[in-house]
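Undergrad: Can you read through this structure? Questions will come right after.
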There are 2 protein chains.
Amino acid sequence: MLRLSTKGQYGVRAMFEIARGYPDRPLTIREIAERQDVSVAYLEQILGQLRRAGLIRSIRGPGGGYLLAKKPGDIPIAAVLGVLEGPVALTSCIDPREGCVRVEHCVTHLLWKALGDQIEGFLSSITLGNLLAGDVGGVPQVKTAVKRTKKDHATQ
Amino acid sequence: MLRLSTKGQYGVRAMFEIARGYPDRPLTIREIAERQDVSVAYLEQILGQLRRAGLIRSIRGPGGGYLLAKKPGDIPIAAVLGVLEGPVALTSCIDPREGCVRVEHCVTHLLWKALGDQIEGFLSSITLGNLLAGDVGGVPQVKTAVKRTKKDHATQ
DNA sequence: GAATACTTGACATAAACAGTAGGCTATTTT
DNA sequence: AAAATAGCCTACTGTTTATGTCAAGTATTC
């Protein structure tokens with residue numbers, strides 16, 4: 001369940017490659033494609049989206065390529081995925097572009113909303129900088145996001 | 001990004017309806033279908049899977065219908081979705097049924113793994129019982145799951 | 001002005017999703 | 001026993017989305 005599209009995956013991996021060269025060395029599409037084993041043509045599409053969104057910038061002509069538009073630490077994974085796949089919207093019920101016709105009847109609405117926020121929060125908390133440093137998954141398990149009965153106070 | 005299939009959504013909603021009748025009143029497919037506005041034929045498939053997985057049990061003949069096989073508090077949402085959609089596997093890289101050919105090269109592997117665990121943990125922490133009680137999303141934002149570098153101390 | 005590299009949009013294919021259809025079996029009621 | 005009720009099972013199909021490919025063009029540098 002909940003599979004991420006390859007587009008999103010490739011996008012993140014491409015950004016990672018570009019980040020490695022930051023700040024001086026522009027990477028050509030060809031280099032990225034080879035290192036991450038993705039077709040050049042497909043990458044063009046992906047990088048195009050990311051560029052238009054302002055996450056990277058391109059330099060044309062010989063010696064050109066792609067560069068990050070900001071510092072790696074300022075680019076959360078959520079931003080990359082947001083550009084390539086739109087907002088986290090587990091159900092059409094939640095999607096801001098559609099809306100829920102039956103919010104008040106929809107018991108599960110809150111559930112999907114909460115999970116979506118959880119995911120969004122997680123992806124926002126991790127930047128390309130973290131990825132470069134290998135700073136991922138430091139906290140294996142997070143406390144439950146359910147408010148249990150009053151007596152159980154969050155220990156953290 | 002990360003859309004949940006309707007099958008999973010319907011499944012959870014159906015389980016919720018069944019849970020409302022717990023423990024005495026069996027619900028017919030027809031009732032569930034009407035209340036949750038899903039086709040009977042489609043629901044049959046879904047409930048069949050849930051039944052074979054042991055989450056619900058059925059009673060045939062007049063007066064029959066579906067009942068929860070356990071207490072609502074013992075059925076986490078993760079179990080329902082797991083049956084209907086398989087394990088959380090954001091990437092084929094993570095899917096236990098496929099496996100990753102390039103684990104050590106795959107920088108993002110850890111990232112997807114961590115996110116998957118996060119989601120799994122969340123969905124495991126919420127049961128049908130919580131849903132019945134409206135106990136969802138009590139904690140809107142969870143602390144970041146990334147261990148930041150020492151110099152950048154989290155301001156919040 | 002030639003080489004390099006990015007830009008754009010149309011198109012092809014395959015897989016997954018979402019749902020339908022139809023017939024069958026079990027149980028209860030009359 | 002017959003009829004009515006309710007679940008059980010499998011196959012099929014239309015639609016959408018994902019995943020790319022291809023071809024032709026534009027900008028920049030050497």
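If you're wondering about the labels, chains in the structure tokens are A, B, ... by order shown, residues count from 1 in each chain, ligands from 1 in order shown.
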Can you list, as a list in words, every protein, DNA or RNA residue that comes within 7 Å of segment 5-20 of chain C when you count only C-alpha atoms (C1' of nucleotides), leaving out same-chain residues fewer than 6 positions away?

TA: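 Close residues of segment 5-20 of chain C: Arg60, Gly61, Pro62 and Gly64 of chain A; Tyr42 of chain B.
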
Undergrad: Can I get the selection written as a compact mmCIF listing (two decimals), in the first residue's frame, with N, CA and C atoms?

TA:
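Saved the output as part_0.txt:
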```
# COMPACT_ATOMS: atom_id res chain seq x y z
N ARG A 60 23.03 26.63 -19.26
CA ARG A 60 23.06 26.04 -20.59
C ARG A 60 24.44 26.15 -21.21
N GLY A 61 24.55 25.44 -22.30
CA GLY A 61 25.80 25.49 -23.04
C GLY A 61 26.85 24.58 -22.45
N PRO A 62 27.94 24.48 -23.17
CA PRO A 62 29.04 23.61 -22.74
C PRO A 62 29.48 23.96 -21.32
N GLY A 64 27.75 23.42 -18.85
CA GLY A 64 26.54 23.72 -18.07
C GLY A 64 26.06 22.53 -17.28
N TYR B 42 -18.95 -4.75 -4.98
CA TYR B 42 -17.57 -4.39 -4.66
C TYR B 42 -17.27 -4.71 -3.19
```

Undergrad: Would you tabulate, counting only C-alpha atoms (C1' of nucleotides), all residues of chain B that have an atom at most 10 Å from an atom of chain D, showing the closest pair of atoms and their distance in Å to one decimal, sorted by chain then ascending number, as JSON lines?

TA:
```
{"residue": "B:Thr28", "atom": "CA", "partner": "D:DA6", "partner_atom": "C1'", "distance": 7.7}
{"residue": "B:Ile29", "atom": "CA", "partner": "D:DG7", "partner_atom": "C1'", "distance": 8.5}
{"residue": "B:Arg30", "atom": "CA", "partner": "D:DA6", "partner_atom": "C1'", "distance": 9.6}
{"residue": "B:Glu44", "atom": "CA", "partner": "D:DC8", "partner_atom": "C1'", "distance": 8.4}
{"residue": "B:Gln45", "atom": "CA", "partner": "D:DC9", "partner_atom": "C1'", "distance": 9.0}
{"residue": "B:Gly48", "atom": "CA", "partner": "D:DC8", "partner_atom": "C1'", "distance": 7.9}
{"residue": "B:Ser58", "atom": "CA", "partner": "D:DG7", "partner_atom": "C1'", "distance": 7.5}
{"residue": "B:Ile59", "atom": "CA", "partner": "D:DG7", "partner_atom": "C1'", "distance": 7.5}
{"residue": "B:Arg60", "atom": "CA", "partner": "D:DG7", "partner_atom": "C1'", "distance": 5.4}
{"residue": "B:Gly61", "atom": "CA", "partner": "D:DA6", "partner_atom": "C1'", "distance": 4.6}
{"residue": "B:Pro62", "atom": "CA", "partner": "D:DT5", "partner_atom": "C1'", "distance": 4.5}
{"residue": "B:Gly63", "atom": "CA", "partner": "D:DA6", "partner_atom": "C1'", "distance": 7.7}
{"residue": "B:Gly64", "atom": "CA", "partner": "D:DA6", "partner_atom": "C1'", "distance": 6.3}
{"residue": "B:Gly65", "atom": "CA", "partner": "D:DA6", "partner_atom": "C1'", "distance": 7.1}
{"residue": "B:Tyr66", "atom": "CA", "partner": "D:DG7", "partner_atom": "C1'", "distance": 9.2}
```

Undergrad: Using only C-alpha atoms, please write the residues we just selected to a file, as a short mmCIF file (atom, residue, chain, number, x, y, z; two decimals), in the first residue's frame.

TA:
```cif
data_model
loop_
_atom_site.label_atom_id
_atom_site.label_comp_id
_atom_site.auth_asym_id
_atom_site.auth_seq_id
_atom_site.Cartn_x
_atom_site.Cartn_y
_atom_site.Cartn_z
CA THR B 28 -25.67 -7.27 6.17
CA ILE B 29 -23.63 -6.24 3.21
CA ARG B 30 -26.61 -4.34 1.95
CA GLU B 44 -18.44 -8.45 -1.27
CA GLN B 45 -14.91 -8.67 -2.56
CA GLY B 48 -14.38 -11.56 1.61
CA SER B 58 -19.92 -14.00 8.69
CA ILE B 59 -23.27 -15.59 9.42
CA ARG B 60 -25.21 -16.91 6.51
CA GLY B 61 -28.90 -17.10 5.95
CA PRO B 62 -31.69 -14.81 7.02
CA GLY B 63 -30.74 -12.65 9.96
CA GLY B 64 -27.13 -13.14 9.05
CA GLY B 65 -24.44 -10.68 8.21
CA TYR B 66 -21.00 -9.66 9.39
#
```

Undergrad: Give me the residues near Val12 of chain A as a VMD selection string, where near means some atom within 12 Å (using only C-alpha atoms (C1' of nucleotides)) and where sequence neighbours in that chain fewer than 2 positions away do not count.

TA: (chain A and resid 4 to 10 14 to 19 32 36 43 46 to 47 50 55 75 to 85 123 126 to 128 131 to 132) or (chain B and resid 106 to 109 111 to 112)

Undergrad: Go ahead and write the selection's residues with N, CA and C atoms as a compact mmCIF listing (two decimals), in the first residue's frame.

TA:
```
# COMPACT_ATOMS: atom_id res chain seq x y z
N LEU A 4 5.08 4.96 -3.57
CA LEU A 4 5.54 6.23 -4.11
C LEU A 4 5.86 6.03 -5.58
N SER A 5 5.54 6.99 -6.41
CA SER A 5 5.83 6.82 -7.83
C SER A 5 7.33 6.89 -8.08
N THR A 6 7.74 6.27 -9.19
CA THR A 6 9.17 6.31 -9.51
C THR A 6 9.61 7.74 -9.78
N LYS A 7 8.67 8.52 -10.30
CA LYS A 7 9.00 9.90 -10.59
C LYS A 7 9.51 10.61 -9.33
N GLY A 8 8.78 10.43 -8.27
CA GLY A 8 9.18 11.02 -7.01
C GLY A 8 10.51 10.48 -6.52
N GLN A 9 10.66 9.18 -6.65
CA GLN A 9 11.91 8.56 -6.20
C GLN A 9 13.10 9.07 -6.99
N TYR A 10 12.95 9.06 -8.32
CA TYR A 10 14.03 9.52 -9.16
C TYR A 10 14.34 10.98 -8.87
N ALA A 14 17.85 12.32 -7.86
CA ALA A 14 18.53 13.30 -8.71
C ALA A 14 18.94 14.51 -7.88
N MET A 15 18.05 14.96 -7.04
CA MET A 15 18.36 16.11 -6.19
C MET A 15 19.55 15.79 -5.29
N PHE A 16 19.58 14.58 -4.84
CA PHE A 16 20.69 14.16 -3.99
C PHE A 16 22.01 14.26 -4.74
N GLU A 17 22.00 13.78 -5.97
CA GLU A 17 23.22 13.86 -6.78
C GLU A 17 23.65 15.30 -6.98
N ILE A 18 22.67 16.13 -7.33
CA ILE A 18 22.99 17.54 -7.56
C ILE A 18 23.54 18.16 -6.28
N ALA A 19 22.96 17.78 -5.18
CA ALA A 19 23.39 18.34 -3.89
C ALA A 19 24.84 17.98 -3.59
N ILE A 32 23.87 12.64 -14.09
CA ILE A 32 22.87 12.21 -13.10
C ILE A 32 22.22 10.92 -13.55
N GLN A 36 22.45 7.50 -11.36
CA GLN A 36 21.25 7.01 -10.69
C GLN A 36 20.49 6.01 -11.55
N LEU A 43 14.47 11.96 -17.12
CA LEU A 43 15.04 12.92 -16.17
C LEU A 43 14.80 14.35 -16.62
N ILE A 46 11.57 15.47 -15.34
CA ILE A 46 11.57 15.64 -13.89
C ILE A 46 12.33 16.90 -13.48
N LEU A 47 13.53 17.05 -14.03
CA LEU A 47 14.33 18.21 -13.67
C LEU A 47 13.66 19.50 -14.15
N LEU A 50 11.27 20.51 -11.53
CA LEU A 50 11.96 21.00 -10.33
C LEU A 50 12.56 22.39 -10.57
N LEU A 55 13.55 24.97 -7.36
CA LEU A 55 14.41 24.21 -6.45
C LEU A 55 15.82 24.06 -6.99
N ILE A 75 16.34 22.64 1.65
CA ILE A 75 15.43 21.94 0.74
C ILE A 75 14.94 20.65 1.38
N PRO A 76 13.75 20.71 1.94
CA PRO A 76 13.20 19.49 2.54
C PRO A 76 12.70 18.53 1.45
N ILE A 77 12.72 17.26 1.78
CA ILE A 77 12.24 16.27 0.83
C ILE A 77 10.79 16.54 0.44
N ALA A 78 10.04 17.06 1.38
CA ALA A 78 8.64 17.36 1.11
C ALA A 78 8.50 18.32 -0.08
N ALA A 79 9.44 19.24 -0.20
CA ALA A 79 9.36 20.20 -1.29
C ALA A 79 9.55 19.50 -2.64
N VAL A 80 10.50 18.59 -2.68
CA VAL A 80 10.78 17.87 -3.91
C VAL A 80 9.58 17.02 -4.33
N LEU A 81 9.08 16.26 -3.39
CA LEU A 81 7.95 15.40 -3.70
C LEU A 81 6.69 16.22 -3.99
N GLY A 82 6.56 17.33 -3.30
CA GLY A 82 5.40 18.18 -3.52
C GLY A 82 5.34 18.64 -4.97
N VAL A 83 6.48 19.02 -5.49
CA VAL A 83 6.54 19.49 -6.88
C VAL A 83 6.19 18.36 -7.84
N LEU A 84 6.75 17.22 -7.60
CA LEU A 84 6.60 16.12 -8.56
C LEU A 84 5.29 15.36 -8.42
N GLU A 85 4.71 15.37 -7.25
CA GLU A 85 3.52 14.54 -7.04
C GLU A 85 2.35 15.27 -6.42
N LEU A 123 8.39 14.38 6.21
CA LEU A 123 9.13 14.74 5.01
C LEU A 123 9.63 16.19 5.02
N ILE A 126 13.07 16.50 7.03
CA ILE A 126 14.31 15.97 6.47
C ILE A 126 14.69 16.74 5.22
N THR A 127 15.91 17.24 5.20
CA THR A 127 16.36 18.01 4.05
C THR A 127 17.41 17.24 3.26
N LEU A 128 17.73 17.77 2.13
CA LEU A 128 18.81 17.18 1.34
C LEU A 128 20.10 17.18 2.16
N LEU A 131 20.20 14.23 4.23
CA LEU A 131 20.45 13.07 3.38
C LEU A 131 21.95 12.95 3.10
N LEU A 132 22.55 14.06 2.79
CA LEU A 132 23.99 14.07 2.52
C LEU A 132 24.77 13.59 3.73
N CYS B 106 21.97 2.81 -2.57
CA CYS B 106 20.70 3.50 -2.54
C CYS B 106 20.61 4.41 -1.32
N VAL B 107 21.04 5.64 -1.50
CA VAL B 107 21.04 6.59 -0.39
C VAL B 107 19.69 6.81 0.22
N THR B 108 18.70 6.73 -0.63
CA THR B 108 17.38 7.08 -0.16
C THR B 108 16.67 5.90 0.51
N HIS B 109 17.32 4.77 0.42
CA HIS B 109 16.74 3.57 1.00
C HIS B 109 16.30 3.81 2.46
N LEU B 111 15.71 6.48 3.95
CA LEU B 111 14.65 7.48 4.03
C LEU B 111 13.28 6.83 3.89
N TRP B 112 13.12 6.06 2.85
CA TRP B 112 11.82 5.41 2.61
C TRP B 112 11.50 4.41 3.72
```

Undergrad: One decimal, in Å: what's the spacing between atom CA of Gly121 of chain B and atom CA of Ile119 of chain A?

TA: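 We find that atom CA of Gly121 of chain B and atom CA of Ile119 of chain A lie 11.5 Å from each other.
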
Undergrad: Expressed in Å to a single decimal, how great is the separation between atom CA of Gly134 of chain B and atom CA of Arg35 of chain B?

TA: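 Straight-line distance from atom CA of Gly134 of chain B to atom CA of Arg35 of chain B works out to 18.4 Å.
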
Undergrad: Identify all residues of segment 2-134 of chain B in strand (DSSP E or B) (DSSP on the backbone) and supply them as a list in words.

TA: Leu27, Ile56, Arg57, Ser58, Ile59, Gly65, Tyr66, Leu67, Leu68, Pro76 and Thr127 of chain B

Undergrad: With C-alpha atoms kept, could you save the residues just selected as a PDB file, in the first residue's frame?

TA:
```
ATOM      1  CA  LEU B  27     -24.716  -6.160   9.635  1.00  0.00           C
ATOM      2  CA  ILE B  56     -14.486 -10.413  10.690  1.00  0.00           C
ATOM      3  CA  ARG B  57     -16.742 -13.432  10.594  1.00  0.00           C
ATOM      4  CA  SER B  58     -19.923 -13.998   8.689  1.00  0.00           C
ATOM      5  CA  ILE B  59     -23.265 -15.591   9.418  1.00  0.00           C
ATOM      6  CA  GLY B  65     -24.439 -10.677   8.209  1.00  0.00           C
ATOM      7  CA  TYR B  66     -21.001  -9.661   9.395  1.00  0.00           C
ATOM      8  CA  LEU B  67     -19.519  -9.302  12.841  1.00  0.00           C
ATOM      9  CA  LEU B  68     -16.136  -8.305  14.132  1.00  0.00           C
ATOM     10  CA  PRO B  76      -5.682  -1.556  14.364  1.00  0.00           C
ATOM     11  CA  THR B 127      -7.748   0.948  16.350  1.00  0.00           C
TER      12      THR B 127
END
```

Undergrad: Give the helix (DSSP H, G or I) residues of segment 4-88 of chain B, as assigned by DSSP on the backbone, as a PyMOL selection string.

TA: chain B and resi 6-21+29-36+40-52+72-74+77-85

Undergrad: For atom CA of Arg3 of chain A and atom CA of Asp37 of chain A, determine how far apart the two atoms are, in Å to one decimal place.

TA: 20.0 Å

Undergrad: For a quick check of understanding, using only C-alpha atoms (C1' of nucleotides), which of B:Ala133, B:Ala33, B:Ala41, B:Ala53 has the smallest distance to chain C?

TA: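 Smallest separation from chain C among the options: B:Ala41.
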
Undergrad: Counting only C-alpha atoms (C1' of nucleotides), what are the residues of chain C within 7 Å of chain B, and for each of them which pair of atoms is the nearest and at what distance in Å, to one decimal? Sort the table by chain and rising number, as a tab-separated table.

TA:
```
residue	atom	partner	partner_atom	distance
C:DG19	C1'	B:Tyr42	CA	6.4
C:DA26	C1'	B:Arg60	CA	6.3
C:DT27	C1'	B:Gly61	CA	4.1
C:DT28	C1'	B:Pro62	CA	5.7
```

Undergrad: Could you dump the residues just selected with N, CA and C atoms (P, O5', C5', C4', C3', O3' and C1' of nucleotides) as a PDB file, in the first residue's frame?

TA:
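Saved file result.pdb follows:
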```
ATOM      1  P    DG C  19     -15.230   2.596  -7.525  1.00  0.00           P
ATOM      2  O5'  DG C  19     -16.097   1.458  -8.201  1.00  0.00           O
ATOM      3  C5'  DG C  19     -16.335   1.626  -9.600  1.00  0.00           C
ATOM      4  C4'  DG C  19     -16.708   0.318 -10.187  1.00  0.00           C
ATOM      5  C3'  DG C  19     -17.901  -0.382  -9.535  1.00  0.00           C
ATOM      6  O3'  DG C  19     -19.027  -0.154 -10.359  1.00  0.00           O
ATOM      7  C1'  DG C  19     -16.262  -1.875 -10.392  1.00  0.00           C
ATOM      8  P    DA C  26     -22.568 -25.610   0.850  1.00  0.00           P
ATOM      9  O5'  DA C  26     -23.274 -24.733   1.959  1.00  0.00           O
ATOM     10  C5'  DA C  26     -22.529 -23.720   2.597  1.00  0.00           C
ATOM     11  C4'  DA C  26     -23.461 -22.853   3.404  1.00  0.00           C
ATOM     12  C3'  DA C  26     -24.301 -23.613   4.423  1.00  0.00           C
ATOM     13  O3'  DA C  26     -24.091 -22.987   5.674  1.00  0.00           O
ATOM     14  C1'  DA C  26     -25.663 -22.156   3.135  1.00  0.00           C
ATOM     15  P    DT C  27     -24.600 -23.702   7.026  1.00  0.00           P
ATOM     16  O5'  DT C  27     -25.941 -22.918   7.324  1.00  0.00           O
ATOM     17  C5'  DT C  27     -25.886 -21.500   7.494  1.00  0.00           C
ATOM     18  C4'  DT C  27     -27.292 -20.935   7.590  1.00  0.00           C
ATOM     19  C3'  DT C  27     -28.203 -21.651   8.576  1.00  0.00           C
ATOM     20  O3'  DT C  27     -28.501 -20.711   9.593  1.00  0.00           O
ATOM     21  C1'  DT C  27     -29.320 -21.155   6.537  1.00  0.00           C
ATOM     22  P    DT C  28     -29.320 -21.096  10.921  1.00  0.00           P
ATOM     23  O5'  DT C  28     -30.760 -20.544  10.531  1.00  0.00           O
ATOM     24  C5'  DT C  28     -30.916 -19.153  10.260  1.00  0.00           C
ATOM     25  C4'  DT C  28     -32.250 -18.914   9.588  1.00  0.00           C
ATOM     26  C3'  DT C  28     -33.464 -19.296  10.427  1.00  0.00           C
ATOM     27  O3'  DT C  28     -34.198 -18.098  10.652  1.00  0.00           O
ATOM     28  C1'  DT C  28     -33.701 -20.012   8.173  1.00  0.00           C
TER      29       DT C  28
END
```

Undergrad: Using only C-alpha atoms, can you tell me which of B:Tyr22, B:Asp117, B:Gly129, B:Pro72 comes closest to chain A?

TA: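 Between B:Tyr22, B:Asp117, B:Gly129, B:Pro72, the residue approaching chain A most closely is B:Asp117.
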